[in-house]
Amino acid sequence: MAYAYLFKYIIIGDTGVGKSCLLLQFTDKRFQPVHDLTIGVEFGARMITIDGKQIKLQIWDTAGQESFRSITRSYYRGAAGALLVYDITRRDTFNHLTTWLEDARQHSNSNMVIMLIGNKSDLESRREVKKEEGEAFAREHGLIFMETSAKTASNVEEAFINTAKEIYEKIQEGVFDINNEANGIKIGPQHAATNSTLPGSQGGPQTGGGCC
Amino acid sequence: MNFFRGVMGGQPAGPQPSGAETIQKLCDRVASSTLLDDRRDAVRALKSLSKKYRLEVGTQAMDHLIRILQTDRSDSEILGYALDTLYNIICNDEEEEQDESEEETQQKQVDDLGAQFTDRFIQDQENITLLLTILEEFDFHVRLPGVKLLTALLKNQCAQLQGIILVSPMGVSRLMDLLADSREVIRNDGLLLLLQLTKGNAAIQKIVAFENAFERLLDIITEEGSSDGGIVVEDCLLLLLNLLKNNSSNQNFFKEGSYIQRMKPWFEVGDDNSGWSAQKVTNLHYMLQLVRVMVSPVNSPGATASCQKAMFQCGLLQQLCTILMATGVPADILTETINTVSEVIRGSQVNQDYFASVNAPSNPPRPAIVVLLMSMVNERQPFVLRCAVLYCFQCFLYKNQKGQGEIVATLLPSTIDANSISAGQLLCGGLFSADSLSNWCAAVALGHALQDNLTQKEQLLRVQLATSLGKPPVSLLQQCTNILSQGDKISRRGSKVQTRVGLLMLLCTWISNCPIAVTHFLHNQENVPFLTAQISENLGEDERLVQGLCALLLGICIYYNDNSLENYTKEKLKQLIEKRIGKENFVEKLGFITKHELYSRAAQKPQPTFSTPEHMLFDHEFTKLFKELEGVITKAVHKSSEEEKKEEEVKKTLEQHDSIVTQYKDLIREQDTHIKALKEQVAGLTSQSEEMQTTITQQLSQIQQHKDQYSILKLKLGKSGDQGSALDGAQVNGLQQEELTQLREELDELRGQQSLLQTQLSDKDALINSMKSETATAASAQVAGASDTSELLREVESLRVQVQRQAAEISELQTERKELLRRAETGASAPATVDGAVDASKVAELENLLASQNEEMQKLKDELTSLSSNRTALDTELASANSTVAILQAEKTKLQNEVQETKKEQDELLMLLADQDQKILSLKQKLKDLGETIEDEDDLDTRDQFEEEDEEEEDDE
């Protein structure tokens, strides 16, 4: 269970866009067509590999309902990554993105990586939001974008892993302060040891410059 | 000013004003004074009065104090006083400490006071937000009272406060930061605050966990020395319990964060027993509680299973088992450890197997299970410990067929081990001991060995008990019923009801869902009358439970009856109930069980927890069984025989229908398979016939080829016969060889003769020479030379004859060859034509009879192969014959040449001879002339004359 890094994610977005299903597909590799409304926040975890390094993802899946908004806000600060999800078959979920984004930017640390996700890409016949629109929104706000389907598992892995890659790159660039756990990043027990003894490891000069 | 000064000093000197008046004055000053110092002094004065005049200060000064919090943020001193004052009026604990002597009614008033002021304070939510921002103030004198105040508020109005803090931005996160405070006092009070904050609020628990609470708390526990640490460790553990209890999301996070592994070192207490302080016992108790929270039977089975796995893998279970078997562990810790081990192994095969393998460090080593069971049936052990052991045993057997089998096996005659104490022996001992608690525990434990396990229910029927000397052994089942019916004879400690309830539960578990056991039970003639008597009797409150259980047992006898005993068929038992008890009465008695208060308590959770030994009446698993059976038994009893008949008829017709349908289904299935087989056959046959057709055509073409080859060969043979020399005919037999050798021999002979002739010739030359040298004197030699010549002539003659003979032989060979050729021709053509005819007829036959075709084909093939081999043999023979013919021809020509050469030589020789004769003649003439007389030979008269003339001529020359 040793890991090099631990990243904390949150999943946000309107109710019913498939946040819990995305998490279930990512952690358990299964799809549950009927899912209860999430109450508050639910936790899930999985290990991934990036650049040959084991990275543990701890993911908090939040309730989309307005009444839980104040609770879910408490999770922004400590997260390194956020998946902002809308439903491509419901335009209103896309229209609410601005509000979500404002909320996230206000409460999170400035380096939080946000991945915009248009979910339910399997329901092409009922599509209301074009892929181009999603891409345009993401470009405008400096987000990564992807269309996924929690049902068919299409792009689900990629969404989580690409977000992790982005965070990983930011660490390599020295943008994140990895010693502050409040950023949602933690160095694994082994990695911490090797990092201190082997300063010449990959990306060492950059991180070294950032830290010291 | 004097007045105020007096109040401020807290030592009123002059005329004592009432508290309320003073407080009012102070409040006015707080509100109106423009100088910070004045306000500060006033607040300080209020603080000092707040304990004594709590009500007054609270009612009059609260608003002013809040205003101070809002406006005087810059001065930490005044903030501190204000917070302290607020704390004093809101907190109830301080009062309790101070007014211990006060009466209870007053105490209640005080409690109400705190709640009242809290309500007033939180009426405006902004106050809480304000308090939260004040907590960001680093100053010790602000932060500490702030934390204390918030804690007190939470204690009084938990849910409301939680709601307000939850919605205030970063509220929980800010409070979490208190754990990181370097000042231990604040950190510790922060812990207490979080303890209150997280009480029963899952959303806050999750946020606190999200803010790395697990990591921090575990770090603090380690820093403080784990179980050896003080009350801070206890607070941390309590907070962890708050965060994890009934919060599956946090439990998952705890497990995923690999924090289970970090619990293992807590239990490395070892055997040293340096002492068990009260704090250490408390700490360990909560640590065990934490382990149990993760594997509680109320958690989802998947989550519990994964935690159980992790606990085994990281060695936590092993560590707990070490404590279990260690000496000197306080009884309550031991009890809780047993309970913890129980839940760590419950339903997990790997962990159960490990537990079964644990041995106590005794000599000889005994299985831990046996050691524990010994405590269970030991009256001197504490009640809670005995309950814990029972729970442990139940958890060991829960969903563990292997373990159930092993326990029952210790009772079976084939596997019993008389030398050591076994689990089965202990259980039987407990079942029949004079202690009702042991009876009950043993009965329930044994029942768990049979739970959902038909095999073991049947196996246990085999168990025989040796009672007293001289009497035949009694079956275990029999013994149980005996004790039930004659229980009164033995004087027992404890309640009789407990023993009987225990035994009845065991019997119900045993015979339910096991018709063989029901038959065994009914086989004893005394049992049914006993049960009916028990149920029908009108007994007191205590006995009602026993009656209900008897009704259940009788009901099971009906429901799981296979009608194998004539006297106790379903029908007869029902009639018995109707006549002797009455259906309604029976159902009512059955209903007593669920109405019992202890029944519902036992149904709540698997762990047997009873406040007193007398309350130990129901087992959790039994309540499950009862729920299952109550309905079906009521139904079974209520049904009249007619209804049942009808039902059975319906069933029968249904069954008939079913059977008809199944018959048809079978038929269809059969036909289906038949058709399938036939189809396969057809397909096989068609493919076979196709194959055969192809082979036929192939073979036909082969035959044609062979025929063609034959005709070609025939032609070739004919040609070679025409072209070949006379010797060709000799090819077939060995004569040719013989003749060849003969010819060679003759040739050799001829050669030998030739060489002989040549030697003779050379001799003659030599003779001639000698004669020349001795011309004058060698007349006699001349005679000899003449005879030699005649000999040569004769020899030439014989050679001619020989040559003629050879020519004749060659012609003979030629005729022979011709004959052989003819024979070969007839031999080759005859079989070919026959085969063709046979083939034609066979082809027709093959089309009808595919089976026989194979054979015939084979035959044909064989014949063909033999023919072709014949043909090739002939071919090779022909070729060899051809070559030998050629050789022979060459030899013949050679021989002819040689013969001609010899002829030429002979001619030359003859010429030579003639010359020599001439010379001889001339020599003779010369000799005559010289005066020598020469006797002429008769044969050579004329020639001699010639020779003499020649010789004379030569001589003349």
# chains A, B, ... in the order shown; residues from 1 in each chain; ligands from 1
$ closest_atom_pairs --of "chain A" --to "chain B" --cutoff "7 Å" --atoms "only C-alpha atoms" --output "Markdown table"
| residue | atom | partner | partner_atom | distance |
| --- | --- | --- | --- | --- |
| A:Gly40 | CA | B:Ala203 | CA | 6.1 |
| A:Glu42 | CA | B:Ser249 | CA | 5.6 |
| A:Phe43 | CA | B:Ser249 | CA | 5.3 |
| A:Ala45 | CA | B:Glu256 | CA | 6.6 |
| A:Ser70 | CA | B:Val167 | CA | 5.0 |
| A:Ile71 | CA | B:Leu166 | CA | 6.1 |
| A:Ser74 | CA | B:Met170 | CA | 5.6 |
| A:Tyr75 | CA | B:Ile207 | CA | 7.0 |
| A:Gly78 | CA | B:Glu211 | CA | 6.9 |
$ write_last_selection --atoms "N, CA, C and O atoms" --output "mmCIF file, in the first residue's frame"
data_model
loop_
_atom_site.group_PDB
_atom_site.id
_atom_site.type_symbol
_atom_site.label_atom_id
_atom_site.label_comp_id
_atom_site.auth_asym_id
_atom_site.auth_seq_id
_atom_site.Cartn_x
_atom_site.Cartn_y
_atom_site.Cartn_z
ATOM 1 N N GLY A 40 -24.757 14.571 1.820
ATOM 2 C CA GLY A 40 -23.503 15.185 2.239
ATOM 3 C C GLY A 40 -22.373 14.783 1.322
ATOM 4 O O GLY A 40 -22.316 15.197 0.180
ATOM 5 N N GLU A 42 -19.580 11.405 0.229
ATOM 6 C CA GLU A 42 -19.166 10.006 0.354
ATOM 7 C C GLU A 42 -17.720 9.873 -0.090
ATOM 8 O O GLU A 42 -17.251 10.600 -0.957
ATOM 9 N N PHE A 43 -17.060 8.905 0.488
ATOM 10 C CA PHE A 43 -15.623 8.752 0.255
ATOM 11 C C PHE A 43 -15.316 7.528 -0.604
ATOM 12 O O PHE A 43 -15.977 6.500 -0.502
ATOM 13 N N ALA A 45 -11.668 5.566 -2.751
ATOM 14 C CA ALA A 45 -10.218 5.654 -2.941
ATOM 15 C C ALA A 45 -9.747 4.647 -3.979
ATOM 16 O O ALA A 45 -10.364 3.600 -4.172
ATOM 17 N N SER A 70 -23.518 24.242 1.478
ATOM 18 C CA SER A 70 -22.678 24.814 2.532
ATOM 19 C C SER A 70 -21.762 23.749 3.134
ATOM 20 O O SER A 70 -20.633 24.040 3.524
ATOM 21 N N ILE A 71 -22.251 22.531 3.190
ATOM 22 C CA ILE A 71 -21.409 21.455 3.726
ATOM 23 C C ILE A 71 -20.280 21.157 2.755
ATOM 24 O O ILE A 71 -19.113 21.051 3.130
ATOM 25 N N SER A 74 -16.904 22.999 2.534
ATOM 26 C CA SER A 74 -15.810 22.725 3.467
ATOM 27 C C SER A 74 -14.728 21.857 2.845
ATOM 28 O O SER A 74 -13.634 21.772 3.384
ATOM 29 N N TYR A 75 -15.047 21.216 1.719
ATOM 30 C CA TYR A 75 -14.087 20.280 1.137
ATOM 31 C C TYR A 75 -13.188 20.920 0.092
ATOM 32 O O TYR A 75 -12.208 20.336 -0.326
ATOM 33 N N GLY A 78 -9.239 21.733 1.100
ATOM 34 C CA GLY A 78 -8.234 20.685 1.258
ATOM 35 C C GLY A 78 -8.054 19.784 0.055
ATOM 36 O O GLY A 78 -7.447 18.724 0.170
#
$ select_by_dssp --residues "region 214-420 of chain B" --states "helix (DSSP H, G or I)" --output "JSON, numbers by chain"
{"B": [214, 215, 216, 217, 218, 219, 220, 221, 222, 223, 226, 227, 228, 231, 232, 233, 234, 235, 236, 237, 238, 239, 240, 241, 242, 243, 244, 248, 249, 250, 251, 252, 253, 254, 255, 256, 260, 261, 262, 263, 264, 265, 266, 267, 278, 279, 280, 281, 282, 283, 284, 285, 286, 287, 288, 289, 290, 291, 292, 293, 294, 301, 302, 303, 304, 305, 306, 307, 308, 309, 310, 311, 312, 313, 316, 317, 318, 319, 320, 321, 322, 323, 324, 325, 331, 332, 333, 334, 335, 336, 337, 338, 339, 340, 341, 342, 343, 344, 345, 349, 350, 351, 352, 353, 354, 355, 356, 357, 368, 369, 370, 371, 372, 373, 374, 375, 376, 383, 384, 385, 386, 387, 388, 389, 390, 391, 392, 393, 394, 395, 396, 397, 401, 402, 403, 404, 405, 406, 407, 408, 409]}
$ atom_distance --atom1 "CA of His96 (chain A)" --atom2 "CA of Thr163 (chain A)"
21.6 Å
$ residues_around --residues "Ile48 (chain A)" --least-positions-apart "3" --cutoff "9 Å" --atoms "only C-alpha atoms" --output "tab-separated table (two decimals) with N, CA, C and O atoms, in the first residue's frame"
chain	number	residue	atom	x	y	z
A	53	LYS	N	5.10	5.98	-10.84
A	53	LYS	CA	4.95	6.21	-9.40
A	53	LYS	C	3.54	5.87	-8.96
A	53	LYS	O	2.57	6.18	-9.64
A	54	GLN	N	3.46	5.22	-7.82
A	54	GLN	CA	2.16	4.88	-7.26
A	54	GLN	C	1.55	6.13	-6.63
A	54	GLN	O	2.20	6.80	-5.81
A	55	ILE	N	0.33	6.42	-7.04
A	55	ILE	CA	-0.32	7.60	-6.49
A	55	ILE	C	-1.69	7.19	-5.94
A	55	ILE	O	-2.47	6.53	-6.63
A	56	LYS	N	-1.90	7.54	-4.71
A	56	LYS	CA	-3.17	7.19	-4.09
A	56	LYS	C	-4.14	8.36	-4.25
A	56	LYS	O	-3.80	9.49	-3.91
A	57	LEU	N	-5.31	8.04	-4.79
A	57	LEU	CA	-6.33	9.07	-4.93
A	57	LEU	C	-7.39	8.85	-3.86
A	57	LEU	O	-7.94	7.77	-3.75
A	161	ILE	N	-7.21	10.13	-14.11
A	161	ILE	CA	-5.75	10.02	-14.25
A	161	ILE	C	-5.16	11.30	-14.84
A	161	ILE	O	-4.11	11.77	-14.39
A	164	ALA	N	-4.79	13.80	-12.25
A	164	ALA	CA	-3.63	13.47	-11.42
A	164	ALA	C	-2.33	13.86	-12.11
A	164	ALA	O	-1.40	14.36	-11.48
$ residues_around --residues "region 860-872 of chain B" --least-positions-apart "5" --cutoff "8 Å" --atoms "only C-alpha atoms" --output "JSON list (two decimals) with N, CA, C and O atoms, in the first residue's frame"
[["chain", "number", "residue", "atom", "x", "y", "z"],
["B", 699, "GLN", "N", -9.40, -43.97, -58.12],
["B", 699, "GLN", "CA", -8.87, -45.30, -58.43],
["B", 699, "GLN", "C", -9.13, -45.66, -59.87],
["B", 699, "GLN", "O", -8.29, -46.30, -60.52],
["B", 703, "ILE", "N", -6.44, -46.82, -62.37],
["B", 703, "ILE", "CA", -6.51, -48.04, -63.18],
["B", 703, "ILE", "C", -6.23, -47.71, -64.63],
["B", 703, "ILE", "O", -5.44, -48.39, -65.31],
["B", 706, "HIS", "N", -2.70, -47.15, -65.11],
["B", 706, "HIS", "CA", -1.97, -48.42, -65.14],
["B", 706, "HIS", "C", -2.13, -49.11, -66.46],
["B", 706, "HIS", "O", -1.17, -49.61, -67.03]]
$ decode --residues "region 511-645 of chain B" --atoms "C-alpha atoms" --output "tab-separated table (two decimals), in the first residue's frame"
chain	number	residue	atom	x	y	z
B	511	ILE	CA	-34.65	-30.51	14.86
B	512	SER	CA	-35.78	-27.59	12.69
B	513	ASN	CA	-35.19	-28.22	9.01
B	514	CYS	CA	-34.05	-31.78	9.81
B	515	PRO	CA	-36.80	-34.41	9.43
B	516	ILE	CA	-34.53	-37.18	10.69
B	517	ALA	CA	-34.02	-35.35	13.96
B	518	VAL	CA	-37.77	-34.75	14.20
B	519	THR	CA	-38.35	-38.48	13.79
B	520	HIS	CA	-35.74	-39.20	16.45
B	521	PHE	CA	-37.44	-36.76	18.76
B	522	LEU	CA	-40.92	-38.16	18.17
B	523	HIS	CA	-39.65	-41.69	18.52
B	524	ASN	CA	-39.49	-41.19	22.26
B	525	GLN	CA	-43.07	-41.83	23.33
B	526	GLU	CA	-42.83	-39.49	26.29
B	527	ASN	CA	-41.94	-36.36	24.40
B	528	VAL	CA	-45.24	-35.41	22.75
B	529	PRO	CA	-47.35	-35.99	25.86
B	530	PHE	CA	-44.87	-33.91	27.83
B	531	LEU	CA	-45.07	-31.03	25.37
B	532	THR	CA	-48.87	-31.07	25.17
B	533	ALA	CA	-49.09	-31.18	28.93
B	534	GLN	CA	-46.75	-28.22	29.25
B	535	ILE	CA	-48.63	-26.15	26.69
B	536	SER	CA	-52.12	-26.91	27.91
B	537	GLU	CA	-51.40	-26.31	31.57
B	538	ASN	CA	-52.36	-23.00	33.00
B	539	LEU	CA	-49.14	-21.80	34.52
B	540	GLY	CA	-47.80	-18.63	35.99
B	541	GLU	CA	-45.97	-15.77	34.26
B	542	ASP	CA	-42.57	-17.39	34.60
B	543	GLU	CA	-43.60	-20.56	32.85
B	544	ARG	CA	-45.27	-18.85	29.93
B	545	LEU	CA	-42.03	-18.53	28.06
B	546	VAL	CA	-41.38	-22.23	28.48
B	547	GLN	CA	-44.88	-22.92	27.22
B	548	GLY	CA	-44.26	-20.80	24.15
B	549	LEU	CA	-41.04	-22.63	23.41
B	550	CYS	CA	-42.77	-25.98	23.89
B	551	ALA	CA	-45.39	-24.86	21.40
B	552	LEU	CA	-42.64	-23.90	19.00
B	553	LEU	CA	-41.02	-27.30	19.40
B	554	LEU	CA	-44.29	-29.07	18.76
B	555	GLY	CA	-44.90	-26.82	15.78
B	556	ILE	CA	-41.50	-27.75	14.33
B	557	CYS	CA	-42.44	-31.41	14.83
B	558	ILE	CA	-45.44	-30.79	12.60
B	559	TYR	CA	-43.82	-28.58	10.02
B	560	TYR	CA	-40.70	-30.66	9.44
B	561	ASN	CA	-42.49	-34.02	9.79
B	562	ASP	CA	-41.88	-36.51	7.02
B	563	ASN	CA	-44.76	-38.74	8.25
B	564	SER	CA	-42.44	-41.68	8.81
B	565	LEU	CA	-43.85	-42.44	12.25
B	566	GLU	CA	-47.42	-43.70	12.07
B	567	ASN	CA	-48.46	-42.45	15.47
B	568	TYR	CA	-47.07	-38.98	14.91
B	569	THR	CA	-47.90	-37.96	11.40
B	570	LYS	CA	-48.59	-34.30	10.67
B	571	GLU	CA	-52.27	-35.02	10.67
B	572	LYS	CA	-52.28	-36.84	13.99
B	573	LEU	CA	-50.24	-34.17	15.71
B	574	LYS	CA	-52.61	-31.51	14.45
B	575	GLN	CA	-55.58	-33.41	15.74
B	576	LEU	CA	-53.79	-33.72	19.04
B	577	ILE	CA	-53.36	-29.95	19.24
B	578	GLU	CA	-56.97	-29.39	18.34
B	579	LYS	CA	-58.23	-31.83	20.98
B	580	ARG	CA	-55.84	-31.27	23.82
B	581	ILE	CA	-54.76	-27.66	23.47
B	582	GLY	CA	-56.93	-25.89	20.99
B	583	LYS	CA	-55.57	-24.11	17.97
B	584	GLU	CA	-56.15	-20.61	19.27
B	585	ASN	CA	-54.57	-21.44	22.56
B	586	PHE	CA	-51.59	-22.96	20.79
B	587	VAL	CA	-51.02	-19.88	18.66
B	588	GLU	CA	-51.44	-17.61	21.64
B	589	LYS	CA	-48.84	-19.56	23.60
B	590	LEU	CA	-46.51	-19.35	20.62
B	591	GLY	CA	-47.04	-15.62	20.61
B	592	PHE	CA	-45.73	-15.29	24.16
B	593	ILE	CA	-42.21	-15.57	22.90
B	594	THR	CA	-42.16	-12.41	20.80
B	595	LYS	CA	-44.01	-10.49	23.47
B	596	HIS	CA	-41.20	-11.07	25.89
B	597	GLU	CA	-39.13	-7.97	26.53
B	598	LEU	CA	-35.86	-9.88	26.48
B	599	TYR	CA	-36.74	-11.40	23.10
B	600	SER	CA	-36.74	-8.04	21.34
B	601	ARG	CA	-33.56	-7.05	23.12
B	602	ALA	CA	-31.78	-10.20	21.94
B	603	ALA	CA	-33.07	-9.66	18.41
B	604	GLN	CA	-31.22	-6.35	18.15
B	605	LYS	CA	-27.63	-7.50	17.91
B	606	PRO	CA	-25.60	-10.70	17.86
B	607	GLN	CA	-23.58	-10.01	20.98
B	608	PRO	CA	-25.13	-11.53	24.09
B	609	THR	CA	-25.24	-8.66	26.58
B	610	PHE	CA	-27.34	-9.00	29.66
B	611	SER	CA	-27.56	-6.69	32.61
B	612	THR	CA	-27.95	-9.58	35.05
B	613	PRO	CA	-27.55	-13.34	34.70
B	614	GLU	CA	-31.32	-13.72	35.10
B	615	HIS	CA	-31.89	-11.79	31.90
B	616	MET	CA	-29.92	-14.34	29.96
B	617	LEU	CA	-32.80	-16.01	28.18
B	618	PHE	CA	-32.69	-15.45	24.44
B	619	ASP	CA	-30.03	-15.92	21.85
B	620	HIS	CA	-29.81	-13.66	18.81
B	621	GLU	CA	-29.65	-16.46	16.26
B	622	PHE	CA	-32.62	-18.13	17.91
B	623	THR	CA	-34.70	-14.99	17.48
B	624	LYS	CA	-33.94	-15.12	13.78
B	625	LEU	CA	-35.02	-18.75	13.65
B	626	PHE	CA	-38.19	-17.96	15.52
B	627	LYS	CA	-39.09	-15.15	13.14
B	628	GLU	CA	-38.76	-17.57	10.28
B	629	LEU	CA	-40.81	-20.30	11.88
B	630	GLU	CA	-43.61	-18.48	13.66
B	631	GLY	CA	-45.56	-17.70	10.53
B	632	VAL	CA	-45.25	-21.07	8.86
B	633	ILE	CA	-46.10	-22.96	12.02
B	634	THR	CA	-49.18	-20.85	12.69
B	635	LYS	CA	-50.27	-21.47	9.14
B	636	ALA	CA	-49.59	-25.18	9.37
B	637	VAL	CA	-51.58	-25.53	12.58
B	638	HIS	CA	-54.48	-23.38	11.47
B	639	LYS	CA	-55.07	-25.24	8.29
B	640	SER	CA	-57.94	-27.68	8.69
B	641	SER	CA	-57.56	-31.16	7.41
B	642	GLU	CA	-60.07	-30.44	4.68
B	643	GLU	CA	-58.18	-27.42	3.54
B	644	GLU	CA	-55.07	-29.40	3.59
B	645	LYS	CA	-56.74	-32.11	1.58
